[in-house]
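Student: A single structure is presented below for examination.
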There are 2 protein chains.
Amino acid sequence: MATVGSSCLGCPMDPVLKAVTGRWTTTILWNLSTESPLRFGELMGLMPAISAKVLTDRLRMLEQNGIVLRTQKSTIPPEVSYELTTHGQDLHQALRSLHEVALKWNAEGWVPGQGFPEDQVARAAE
Amino acid sequence: MATVGSSCLGCPMDPVLKAVTGRWTTTILWNLSTESPLRFGELMGLMPAISAKVLTDRLRMLEQNGIVLRTQKSTIPPEVSYELTTHGQDLHQALRSLHEVALKWNAEGWVPGQGFPEDQVARAAE
DNA sequence: GTAAGTAATTACCATTTAGTAACCAGTTAC
DNA sequence: GTAACTGGTTACTAAATGGTAATTACTTAC
């Protein structure tokens with residue numbers, strides 16, 4: 001084969017995508033990116049639909065990957081807070097870009113599962 | 001509560017994340033972002049581990065969301081190609097940022113599930 | 001002595017998701 | 001007449017994922 005091009009056969013996108021995208025993961029990173037540090041309970045409050053189990057799972061995974069730093073004060077009751085590591089902060093730009101897209105699409109009337117207004121018009125005309 | 005801050009209670013990140021992140025979705029978008037249009041079989045070739053079923057599902061979902069454009073030539077055998085819509089191209093910047101992070105982390109010796117070299121040293125010392 | 005507060009962990013079950021393999025259409029090449 | 005090509009779809013099965021609720025631990029407040 002001559003051209004692999006710039007696509008992802010052998011480029012390191014896949015493991016990174018696995019670590020930072022996926023259900024809740026990116027939302028957690030976005031929260032930690034805009035406000036830091038955040039305590040476990042505060043993260044729960046920002047994402048009312050997440051369960052403690054899944055939040056714990058994701059935070060552990062992100063910690064294992066060196067993306068999130070967990071800091072525990074062994075007080076009673078315990079206080080645990082989370083923030084992006086230096087490496088994790090490399091994601092700032094990507095997260096901000098994603099946020100901009102979200103704002104833009106929202107302003108343009110994008111509806112999840114339906115697309116943009118012109119798509120909906122096109123479908124109605126069929 | 002006084003401060004919702006800039007976090008995602010009521011900001012439009014969540015539906016966008018649902019549409020563009022998730023297993024294979026971001027990889028597909030990245031491929032279409034770097035090379036376009038791509039035929040169904042070409043996409044399969046770029047992602048050897050994906051199954052036709054999942055690729056079809058993701059492309060349909062992205063099409064429904066107005067992010068990907070499907071073009072079919074009714075020749076025999078049929079030729080179907082995919083590319084980002086104008087709206088889909090809004091993701092270029094975010095995808096490029098993500099790609100940069102991937103390259104950087106790779107260069108820094110990041111290992112999925114293990115983190116960065118300094119994390120691994122820290123764990124070994126425990 | 002019992003509840004509240006905090007950050008989990010665990011077990012169990014339900015749901016979702018993904019993989020596999022077979023099949024379809026229509027024409028060309030063998 | 002049979003296989004190959006292309007881009008799928010469908011049915012069935014298997015695996016991963018997520019939710020719920022109970023439990024842990026330790027101290028303070030009632």
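FYI, nothing fancy with the structure tokens labels: chains A, B, ... in order, residues from 1 per chain, ligands from 1 as they appear.
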Please identify the alpha helix (DSSP H) residues within chain B (assignment by DSSP from backbone atoms) and present them as a count of residues only.
Tutor: 62
Student: I'd like the superposed chain A, fitted onto chain B by least squares over all Cα atoms in order, as a PDB file with C-alpha atoms, in the first residue's frame.
Tutor:
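Written output follows (out39.pdb):
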ATOM      1  CA  MET A   1     -27.729  28.354  44.618  1.00  0.00           C
ATOM      2  CA  ALA A   2     -25.516  31.233  43.643  1.00  0.00           C
ATOM      3  CA  THR A   3     -22.805  29.927  41.366  1.00  0.00           C
ATOM      4  CA  VAL A   4     -23.358  27.501  38.550  1.00  0.00           C
ATOM      5  CA  GLY A   5     -20.001  28.707  37.259  1.00  0.00           C
ATOM      6  CA  SER A   6     -19.068  27.859  33.718  1.00  0.00           C
ATOM      7  CA  SER A   7     -19.791  24.174  34.166  1.00  0.00           C
ATOM      8  CA  CYS A   8     -22.346  22.148  32.361  1.00  0.00           C
ATOM      9  CA  LEU A   9     -25.592  22.446  34.252  1.00  0.00           C
ATOM     10  CA  GLY A  10     -27.617  23.905  31.421  1.00  0.00           C
ATOM     11  CA  CYS A  11     -24.825  24.382  28.908  1.00  0.00           C
ATOM     12  CA  PRO A  12     -25.141  22.547  25.623  1.00  0.00           C
ATOM     13  CA  MET A  13     -22.009  20.391  25.879  1.00  0.00           C
ATOM     14  CA  ASP A  14     -23.732  17.136  26.749  1.00  0.00           C
ATOM     15  CA  PRO A  15     -25.763  16.484  23.586  1.00  0.00           C
ATOM     16  CA  VAL A  16     -22.814  17.495  21.434  1.00  0.00           C
ATOM     17  CA  LEU A  17     -20.504  15.165  23.319  1.00  0.00           C
ATOM     18  CA  LYS A  18     -23.027  12.407  22.877  1.00  0.00           C
ATOM     19  CA  ALA A  19     -23.062  13.000  19.130  1.00  0.00           C
ATOM     20  CA  VAL A  20     -19.340  13.310  18.475  1.00  0.00           C
ATOM     21  CA  THR A  21     -17.602  11.228  21.124  1.00  0.00           C
ATOM     22  CA  GLY A  22     -18.088   7.595  21.952  1.00  0.00           C
ATOM     23  CA  ARG A  23     -16.710   4.353  20.614  1.00  0.00           C
ATOM     24  CA  TRP A  24     -15.507   4.813  17.009  1.00  0.00           C
ATOM     25  CA  THR A  25     -17.421   8.050  16.450  1.00  0.00           C
ATOM     26  CA  THR A  26     -14.509  10.387  17.021  1.00  0.00           C
ATOM     27  CA  THR A  27     -12.165   8.159  15.038  1.00  0.00           C
ATOM     28  CA  ILE A  28     -14.546   8.242  12.086  1.00  0.00           C
ATOM     29  CA  LEU A  29     -14.794  12.028  12.308  1.00  0.00           C
ATOM     30  CA  TRP A  30     -11.019  12.314  12.512  1.00  0.00           C
ATOM     31  CA  ASN A  31     -10.617  10.207   9.401  1.00  0.00           C
ATOM     32  CA  LEU A  32     -13.185  12.244   7.505  1.00  0.00           C
ATOM     33  CA  SER A  33     -11.568  15.405   8.785  1.00  0.00           C
ATOM     34  CA  THR A  34      -8.147  14.510   7.389  1.00  0.00           C
ATOM     35  CA  GLU A  35      -9.271  12.927   4.137  1.00  0.00           C
ATOM     36  CA  SER A  36     -12.522  13.476   2.354  1.00  0.00           C
ATOM     37  CA  PRO A  37     -14.624  12.127   0.809  1.00  0.00           C
ATOM     38  CA  LEU A  38     -14.065   8.524   1.858  1.00  0.00           C
ATOM     39  CA  ARG A  39     -15.977   5.504   0.676  1.00  0.00           C
ATOM     40  CA  PHE A  40     -17.471   2.951   3.036  1.00  0.00           C
ATOM     41  CA  GLY A  41     -14.814   0.397   2.190  1.00  0.00           C
ATOM     42  CA  GLU A  42     -12.040   2.932   2.620  1.00  0.00           C
ATOM     43  CA  LEU A  43     -13.277   3.783   6.109  1.00  0.00           C
ATOM     44  CA  MET A  44     -13.340   0.061   6.902  1.00  0.00           C
ATOM     45  CA  GLY A  45      -9.756  -0.153   5.706  1.00  0.00           C
ATOM     46  CA  LEU A  46      -8.664   2.717   7.929  1.00  0.00           C
ATOM     47  CA  MET A  47     -10.261   1.105  10.980  1.00  0.00           C
ATOM     48  CA  PRO A  48      -9.571  -2.609  10.628  1.00  0.00           C
ATOM     49  CA  ALA A  49     -11.147  -3.473  13.968  1.00  0.00           C
ATOM     50  CA  ILE A  50     -14.568  -1.922  13.342  1.00  0.00           C
ATOM     51  CA  SER A  51     -17.421  -4.077  12.093  1.00  0.00           C
ATOM     52  CA  ALA A  52     -19.636  -3.110   9.172  1.00  0.00           C
ATOM     53  CA  LYS A  53     -22.627  -2.967  11.475  1.00  0.00           C
ATOM     54  CA  VAL A  54     -21.087  -0.474  13.857  1.00  0.00           C
ATOM     55  CA  LEU A  55     -19.662   1.647  11.046  1.00  0.00           C
ATOM     56  CA  THR A  56     -23.113   1.783   9.444  1.00  0.00           C
ATOM     57  CA  ASP A  57     -24.718   2.666  12.777  1.00  0.00           C
ATOM     58  CA  ARG A  58     -22.273   5.490  13.450  1.00  0.00           C
ATOM     59  CA  LEU A  59     -22.498   6.925   9.934  1.00  0.00           C
ATOM     60  CA  ARG A  60     -26.301   6.906  10.090  1.00  0.00           C
ATOM     61  CA  MET A  61     -26.232   8.634  13.451  1.00  0.00           C
ATOM     62  CA  LEU A  62     -23.795  11.263  12.231  1.00  0.00           C
ATOM     63  CA  GLU A  63     -25.878  11.776   9.104  1.00  0.00           C
ATOM     64  CA  GLN A  64     -29.070  12.161  11.141  1.00  0.00           C
ATOM     65  CA  ASN A  65     -27.266  14.763  13.199  1.00  0.00           C
ATOM     66  CA  GLY A  66     -26.261  16.776  10.126  1.00  0.00           C
ATOM     67  CA  ILE A  67     -22.568  16.214  10.805  1.00  0.00           C
ATOM     68  CA  VAL A  68     -21.757  13.838   7.956  1.00  0.00           C
ATOM     69  CA  LEU A  69     -23.003  13.922   4.364  1.00  0.00           C
ATOM     70  CA  ARG A  70     -23.691  10.664   2.548  1.00  0.00           C
ATOM     71  CA  THR A  71     -23.514  10.689  -1.237  1.00  0.00           C
ATOM     72  CA  GLN A  72     -24.651   7.701  -3.224  1.00  0.00           C
ATOM     73  CA  LYS A  73     -24.022   7.017  -6.880  1.00  0.00           C
ATOM     74  CA  SER A  74     -26.472   4.367  -7.999  1.00  0.00           C
ATOM     75  CA  THR A  75     -23.971   2.599 -10.183  1.00  0.00           C
ATOM     76  CA  ILE A  76     -23.340  -1.127 -10.205  1.00  0.00           C
ATOM     77  CA  PRO A  77     -21.620  -1.862  -7.930  1.00  0.00           C
ATOM     78  CA  PRO A  78     -22.863   1.050  -5.847  1.00  0.00           C
ATOM     79  CA  GLU A  79     -20.494   3.777  -4.748  1.00  0.00           C
ATOM     80  CA  VAL A  80     -21.237   5.568  -1.512  1.00  0.00           C
ATOM     81  CA  SER A  81     -19.010   8.225  -0.049  1.00  0.00           C
ATOM     82  CA  TYR A  82     -18.978  10.207   3.156  1.00  0.00           C
ATOM     83  CA  GLU A  83     -17.662  13.618   4.088  1.00  0.00           C
ATOM     84  CA  LEU A  84     -18.165  16.215   6.782  1.00  0.00           C
ATOM     85  CA  THR A  85     -20.986  18.688   6.205  1.00  0.00           C
ATOM     86  CA  THR A  86     -20.271  22.395   6.587  1.00  0.00           C
ATOM     87  CA  HIS A  87     -21.423  22.120  10.177  1.00  0.00           C
ATOM     88  CA  GLY A  88     -19.346  19.001  10.682  1.00  0.00           C
ATOM     89  CA  GLN A  89     -16.282  20.951   9.664  1.00  0.00           C
ATOM     90  CA  ASP A  90     -16.746  23.053  12.794  1.00  0.00           C
ATOM     91  CA  LEU A  91     -15.099  20.088  14.512  1.00  0.00           C
ATOM     92  CA  HIS A  92     -11.811  20.494  12.638  1.00  0.00           C
ATOM     93  CA  GLN A  93     -10.170  22.584  15.327  1.00  0.00           C
ATOM     94  CA  ALA A  94     -11.228  20.318  18.178  1.00  0.00           C
ATOM     95  CA  LEU A  95     -10.081  17.221  16.329  1.00  0.00           C
ATOM     96  CA  ARG A  96      -6.750  18.795  15.495  1.00  0.00           C
ATOM     97  CA  SER A  97      -6.250  19.771  19.143  1.00  0.00           C
ATOM     98  CA  LEU A  98      -7.008  16.233  20.206  1.00  0.00           C
ATOM     99  CA  HIS A  99      -4.537  14.934  17.661  1.00  0.00           C
ATOM    100  CA  GLU A 100      -1.860  17.256  18.979  1.00  0.00           C
ATOM    101  CA  VAL A 101      -2.444  15.986  22.491  1.00  0.00           C
ATOM    102  CA  ALA A 102      -2.160  12.436  21.210  1.00  0.00           C
ATOM    103  CA  LEU A 103       1.173  13.155  19.538  1.00  0.00           C
ATOM    104  CA  LYS A 104       2.495  14.979  22.593  1.00  0.00           C
ATOM    105  CA  TRP A 105       1.501  12.295  25.088  1.00  0.00           C
ATOM    106  CA  ASN A 106       2.891   9.634  22.821  1.00  0.00           C
ATOM    107  CA  ALA A 107       6.207  11.482  22.628  1.00  0.00           C
ATOM    108  CA  GLU A 108       6.216  11.817  26.403  1.00  0.00           C
ATOM    109  CA  GLY A 109       5.949   8.080  26.884  1.00  0.00           C
ATOM    110  CA  TRP A 110       2.340   7.941  27.970  1.00  0.00           C
ATOM    111  CA  VAL A 111       1.026   4.395  28.280  1.00  0.00           C
ATOM    112  CA  PRO A 112      -2.739   3.804  28.322  1.00  0.00           C
ATOM    113  CA  GLY A 113      -3.775   2.616  31.761  1.00  0.00           C
ATOM    114  CA  GLN A 114      -0.358   3.436  33.246  1.00  0.00           C
ATOM    115  CA  GLY A 115       0.008   7.148  32.725  1.00  0.00           C
ATOM    116  CA  PHE A 116       3.266   8.990  32.158  1.00  0.00           C
ATOM    117  CA  PRO A 117       6.773   7.844  33.083  1.00  0.00           C
ATOM    118  CA  GLU A 118       6.797   9.910  36.291  1.00  0.00           C
ATOM    119  CA  ASP A 119       3.536   8.295  37.393  1.00  0.00           C
ATOM    120  CA  GLN A 120       5.042   4.873  36.875  1.00  0.00           C
ATOM    121  CA  VAL A 121       8.107   5.809  38.883  1.00  0.00           C
ATOM    122  CA  ALA A 122       5.867   7.145  41.643  1.00  0.00           C
ATOM    123  CA  ARG A 123       3.892   3.923  41.720  1.00  0.00           C
ATOM    124  CA  ALA A 124       7.024   1.781  41.759  1.00  0.00           C
ATOM    125  CA  ALA A 125       8.283   3.714  44.804  1.00  0.00           C
ATOM    126  CA  GLU A 126       5.165   2.986  46.832  1.00  0.00           C
TER     127      GLU A 126
END
Student: As a VMD selection string, please: the residues near region 23-30 of chain C (cut-off 9 Å, only C-alpha atoms (C1' of nucleotides), same-chain neighbours under 2 positions excluded).
Tutor: (chain B and resid 76 to 77) or (chain D and resid 2 to 4 8 to 10)
Student: Would you mind writing down, as a list of chain:residue names, each residue of chain B that DSSP on the backbone assigns to strand (DSSP E)?
Tutor: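 Output for chain B, strand (DSSP E) only: B:Leu38, B:Arg39, B:Val68, B:Leu69, B:Arg70, B:Thr71, B:Gln72, B:Lys73, B:Glu79, B:Val80, B:Ser81, B:Tyr82, B:Glu83, B:Leu84.
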Student: Pull N, CA and C atoms from the residues just selected and write them as a PDB file, in the first residue's frame.
Tutor:
ATOM      1  N   LEU B  38     -14.523   9.891   1.729  1.00  0.00           N
ATOM      2  CA  LEU B  38     -14.049   8.517   1.867  1.00  0.00           C
ATOM      3  C   LEU B  38     -15.213   7.564   1.625  1.00  0.00           C
ATOM      4  N   ARG B  39     -14.920   6.491   0.933  1.00  0.00           N
ATOM      5  CA  ARG B  39     -15.957   5.498   0.683  1.00  0.00           C
ATOM      6  C   ARG B  39     -16.082   4.554   1.875  1.00  0.00           C
ATOM      7  N   VAL B  68     -22.392  14.526   9.055  1.00  0.00           N
ATOM      8  CA  VAL B  68     -21.763  13.831   7.938  1.00  0.00           C
ATOM      9  C   VAL B  68     -22.735  13.787   6.765  1.00  0.00           C
ATOM     10  N   LEU B  69     -22.193  13.952   5.569  1.00  0.00           N
ATOM     11  CA  LEU B  69     -23.002  13.890   4.354  1.00  0.00           C
ATOM     12  C   LEU B  69     -22.722  12.592   3.620  1.00  0.00           C
ATOM     13  N   ARG B  70     -23.795  11.895   3.270  1.00  0.00           N
ATOM     14  CA  ARG B  70     -23.690  10.634   2.537  1.00  0.00           C
ATOM     15  C   ARG B  70     -24.077  10.887   1.088  1.00  0.00           C
ATOM     16  N   THR B  71     -23.225  10.454   0.164  1.00  0.00           N
ATOM     17  CA  THR B  71     -23.515  10.634  -1.251  1.00  0.00           C
ATOM     18  C   THR B  71     -23.451   9.297  -1.940  1.00  0.00           C
ATOM     19  N   GLN B  72     -24.541   8.964  -2.608  1.00  0.00           N
ATOM     20  CA  GLN B  72     -24.623   7.657  -3.244  1.00  0.00           C
ATOM     21  C   GLN B  72     -24.723   7.802  -4.753  1.00  0.00           C
ATOM     22  N   LYS B  73     -23.831   7.099  -5.459  1.00  0.00           N
ATOM     23  CA  LYS B  73     -23.980   6.979  -6.902  1.00  0.00           C
ATOM     24  C   LYS B  73     -24.582   5.615  -7.171  1.00  0.00           C
ATOM     25  N   GLU B  79     -21.543   3.038  -5.358  1.00  0.00           N
ATOM     26  CA  GLU B  79     -20.422   3.785  -4.790  1.00  0.00           C
ATOM     27  C   GLU B  79     -21.014   4.806  -3.829  1.00  0.00           C
ATOM     28  N   VAL B  80     -20.648   4.651  -2.563  1.00  0.00           N
ATOM     29  CA  VAL B  80     -21.183   5.535  -1.532  1.00  0.00           C
ATOM     30  C   VAL B  80     -20.015   6.215  -0.854  1.00  0.00           C
ATOM     31  N   SER B  81     -20.078   7.536  -0.730  1.00  0.00           N
ATOM     32  CA  SER B  81     -18.972   8.211  -0.049  1.00  0.00           C
ATOM     33  C   SER B  81     -19.492   9.161   1.018  1.00  0.00           C
ATOM     34  N   TYR B  82     -18.615   9.396   1.968  1.00  0.00           N
ATOM     35  CA  TYR B  82     -18.962  10.180   3.146  1.00  0.00           C
ATOM     36  C   TYR B  82     -17.985  11.326   3.309  1.00  0.00           C
ATOM     37  N   GLU B  83     -18.522  12.455   3.769  1.00  0.00           N
ATOM     38  CA  GLU B  83     -17.655  13.593   4.078  1.00  0.00           C
ATOM     39  C   GLU B  83     -18.334  14.421   5.171  1.00  0.00           C
ATOM     40  N   LEU B  84     -17.578  15.306   5.779  1.00  0.00           N
ATOM     41  CA  LEU B  84     -18.165  16.195   6.785  1.00  0.00           C
ATOM     42  C   LEU B  84     -19.037  17.228   6.090  1.00  0.00           C
TER      43      LEU B  84
END
Student: Compute the chain C side of the contact with chain A at 12 Å, counting only C-alpha atoms (C1' of nucleotides), and hand it back as a list of chain:residue names.
Tutor: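 The contacting residues on chain C are C:DA4, C:DG5, C:DT6, C:DA7, C:DA8, C:DT9, C:DT10.
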Student: If you keep all heavy atoms, can you produce a file of those selected residues as a tab-separated table (two decimals), in the first residue's frame?
Tutor:
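This is the output file result01.tsv:
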chain	number	residue	atom	x	y	z
C	4	DA	P	-30.65	11.31	58.87
C	4	DA	OP1	-31.92	12.00	58.51
C	4	DA	OP2	-30.23	10.08	58.17
C	4	DA	O5'	-29.46	12.38	58.76
C	4	DA	C5'	-29.18	13.27	59.83
C	4	DA	C4'	-27.82	13.92	59.59
C	4	DA	O4'	-26.80	13.16	60.29
C	4	DA	C3'	-27.40	13.96	58.12
C	4	DA	O3'	-26.77	15.20	57.86
C	4	DA	C2'	-26.42	12.81	58.01
C	4	DA	C1'	-25.77	12.82	59.38
C	4	DA	N9	-25.22	11.53	59.81
C	4	DA	C8	-25.78	10.29	59.64
C	4	DA	N7	-25.06	9.32	60.14
C	4	DA	C5	-23.94	9.95	60.66
C	4	DA	C6	-22.80	9.47	61.33
C	4	DA	N6	-22.58	8.19	61.60
C	4	DA	N1	-21.88	10.39	61.72
C	4	DA	C2	-22.10	11.68	61.45
C	4	DA	N3	-23.15	12.25	60.84
C	4	DA	C4	-24.03	11.31	60.46
C	5	DG	P	-26.68	15.78	56.34
C	5	DG	OP1	-27.21	17.17	56.38
C	5	DG	OP2	-27.24	14.77	55.44
C	5	DG	O5'	-25.13	15.88	56.04
C	5	DG	C5'	-24.24	16.46	57.00
C	5	DG	C4'	-22.87	15.88	56.79
C	5	DG	O4'	-22.81	14.58	57.39
C	5	DG	C3'	-22.51	15.67	55.30
C	5	DG	O3'	-21.35	16.41	54.99
C	5	DG	C2'	-22.25	14.17	55.18
C	5	DG	C1'	-21.96	13.77	56.60
C	5	DG	N9	-22.24	12.36	56.91
C	5	DG	C8	-23.36	11.64	56.58
C	5	DG	N7	-23.30	10.40	56.99
C	5	DG	C5	-22.09	10.29	57.63
C	5	DG	C6	-21.47	9.20	58.28
C	5	DG	O6	-21.90	8.06	58.43
C	5	DG	N1	-20.23	9.53	58.79
C	5	DG	C2	-19.65	10.77	58.69
C	5	DG	N2	-18.45	10.92	59.24
C	5	DG	N3	-20.19	11.81	58.10
C	5	DG	C4	-21.41	11.50	57.59
C	6	DT	P	-21.01	16.81	53.49
C	6	DT	OP1	-20.30	18.09	53.49
C	6	DT	OP2	-22.23	16.61	52.67
C	6	DT	O5'	-19.98	15.67	53.09
C	6	DT	C5'	-18.69	15.68	53.66
C	6	DT	C4'	-17.93	14.46	53.21
C	6	DT	O4'	-18.46	13.29	53.87
C	6	DT	C3'	-18.03	14.17	51.71
C	6	DT	O3'	-16.74	14.35	51.15
C	6	DT	C2'	-18.50	12.72	51.62
C	6	DT	C1'	-18.28	12.19	53.02
C	6	DT	N1	-19.24	11.15	53.48
C	6	DT	C2	-18.77	10.06	54.17
C	6	DT	O2	-17.59	9.92	54.43
C	6	DT	N3	-19.71	9.16	54.54
C	6	DT	C4	-21.06	9.21	54.30
C	6	DT	O4	-21.81	8.32	54.69
C	6	DT	C5	-21.51	10.37	53.57
C	6	DT	C7	-22.95	10.53	53.24
C	6	DT	C6	-20.59	11.28	53.19
C	7	DA	P	-16.53	14.39	49.59
C	7	DA	OP1	-15.39	15.28	49.32
C	7	DA	OP2	-17.82	14.59	48.91
C	7	DA	O5'	-16.06	12.89	49.35
C	7	DA	C5'	-14.88	12.44	49.99
C	7	DA	C4'	-14.73	10.96	49.79
C	7	DA	O4'	-15.77	10.27	50.51
C	7	DA	C3'	-14.89	10.51	48.32
C	7	DA	O3'	-13.87	9.56	48.01
C	7	DA	C2'	-16.25	9.86	48.31
C	7	DA	C1'	-16.28	9.26	49.69
C	7	DA	N9	-17.61	8.87	50.16
C	7	DA	C8	-18.81	9.48	49.91
C	7	DA	N7	-19.84	8.87	50.45
C	7	DA	C5	-19.28	7.79	51.10
C	7	DA	C6	-19.82	6.74	51.87
C	7	DA	N6	-21.13	6.61	52.12
C	7	DA	N1	-18.98	5.82	52.40
C	7	DA	C2	-17.66	5.94	52.15
C	7	DA	N3	-17.03	6.89	51.44
C	7	DA	C4	-17.90	7.78	50.95
C	8	DA	P	-13.50	9.32	46.51
C	8	DA	OP1	-12.33	8.41	46.48
C	8	DA	OP2	-13.40	10.62	45.84
C	8	DA	O5'	-14.81	8.62	45.98
C	8	DA	C5'	-14.89	7.25	45.68
C	8	DA	C4'	-14.80	6.36	46.90
C	8	DA	O4'	-15.91	6.65	47.77
C	8	DA	C3'	-14.91	4.91	46.51
C	8	DA	O3'	-13.66	4.30	46.63
C	8	DA	C2'	-15.91	4.31	47.47
C	8	DA	C1'	-16.36	5.46	48.36
C	8	DA	N9	-17.83	5.54	48.40
C	8	DA	C8	-18.63	6.47	47.79
C	8	DA	N7	-19.91	6.29	48.02
C	8	DA	C5	-19.95	5.16	48.84
C	8	DA	C6	-21.01	4.46	49.45
C	8	DA	N6	-22.29	4.81	49.30
C	8	DA	N1	-20.69	3.39	50.19
C	8	DA	C2	-19.41	3.05	50.34
C	8	DA	N3	-18.32	3.63	49.83
C	8	DA	C4	-18.67	4.69	49.08
C	9	DT	P	-13.29	3.11	45.69
C	9	DT	OP1	-11.84	2.85	45.86
C	9	DT	OP2	-13.85	3.42	44.37
C	9	DT	O5'	-14.10	1.87	46.29
C	9	DT	C5'	-13.86	1.47	47.63
C	9	DT	C4'	-14.78	0.30	47.96
C	9	DT	O4'	-16.12	0.78	48.15
C	9	DT	C3'	-14.84	-0.76	46.86
C	9	DT	O3'	-14.62	-2.02	47.48
C	9	DT	C2'	-16.25	-0.63	46.29
C	9	DT	C1'	-17.02	-0.08	47.47
C	9	DT	N1	-18.22	0.75	47.14
C	9	DT	C2	-19.43	0.42	47.70
C	9	DT	O2	-19.57	-0.53	48.45
C	9	DT	N3	-20.47	1.26	47.35
C	9	DT	C4	-20.41	2.36	46.51
C	9	DT	O4	-21.41	3.03	46.29
C	9	DT	C5	-19.11	2.63	45.94
C	9	DT	C7	-18.93	3.79	45.03
C	9	DT	C6	-18.09	1.83	46.28
C	10	DT	P	-14.27	-3.29	46.57
C	10	DT	OP1	-13.18	-4.02	47.25
C	10	DT	OP2	-14.13	-2.87	45.16
C	10	DT	O5'	-15.61	-4.15	46.68
C	10	DT	C5'	-16.27	-4.30	47.93
C	10	DT	C4'	-17.67	-4.85	47.71
C	10	DT	O4'	-18.57	-3.75	47.43
C	10	DT	C3'	-17.79	-5.81	46.54
C	10	DT	O3'	-18.09	-7.11	47.04
C	10	DT	C2'	-18.93	-5.26	45.68
C	10	DT	C1'	-19.58	-4.21	46.56
C	10	DT	N1	-20.09	-3.00	45.86
C	10	DT	C2	-21.39	-2.61	46.08
C	10	DT	O2	-22.15	-3.22	46.81
C	10	DT	N3	-21.77	-1.48	45.42
C	10	DT	C4	-20.99	-0.71	44.56
C	10	DT	O4	-21.44	0.28	44.03
C	10	DT	C5	-19.64	-1.17	44.38
C	10	DT	C7	-18.72	-0.42	43.47
C	10	DT	C6	-19.25	-2.29	45.02
Student: Find the residues around DC12 (chain D) up to 12 Å (only C-alpha atoms (C1' of nucleotides) counted), leave out those fewer than 5 positions away in its own chain, and share them as an MDAnalysis selection string.
Tutor: chainID C and resid 19:22
Student: Please determine the contact residues of chain D with respect to chain B at a cut-off of 8 Å, counting only C-alpha atoms (C1' of nucleotides), and supply them as a list in words.
Tutor: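 On the chain D side, the interface is DC5, DT6, DG7 and DG8 of chain D.
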Student: What is the distance, in Å and to one decimal place, between C1' of DA14 (chain D) and C1' of DC12 (chain C)?
Tutor: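 One can read the C1' of DA14 (chain D) to C1' of DC12 (chain C) distance as 19.1 Å.
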Student: Would you work out the distance separating C1' of DA22 (chain D) from C1' of DG1 (chain C), expressed in Å to one decimal?
Tutor: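 Computing the Euclidean distance for C1' of DA22 (chain D) and C1' of DG1 (chain C) yields 20.7 Å.
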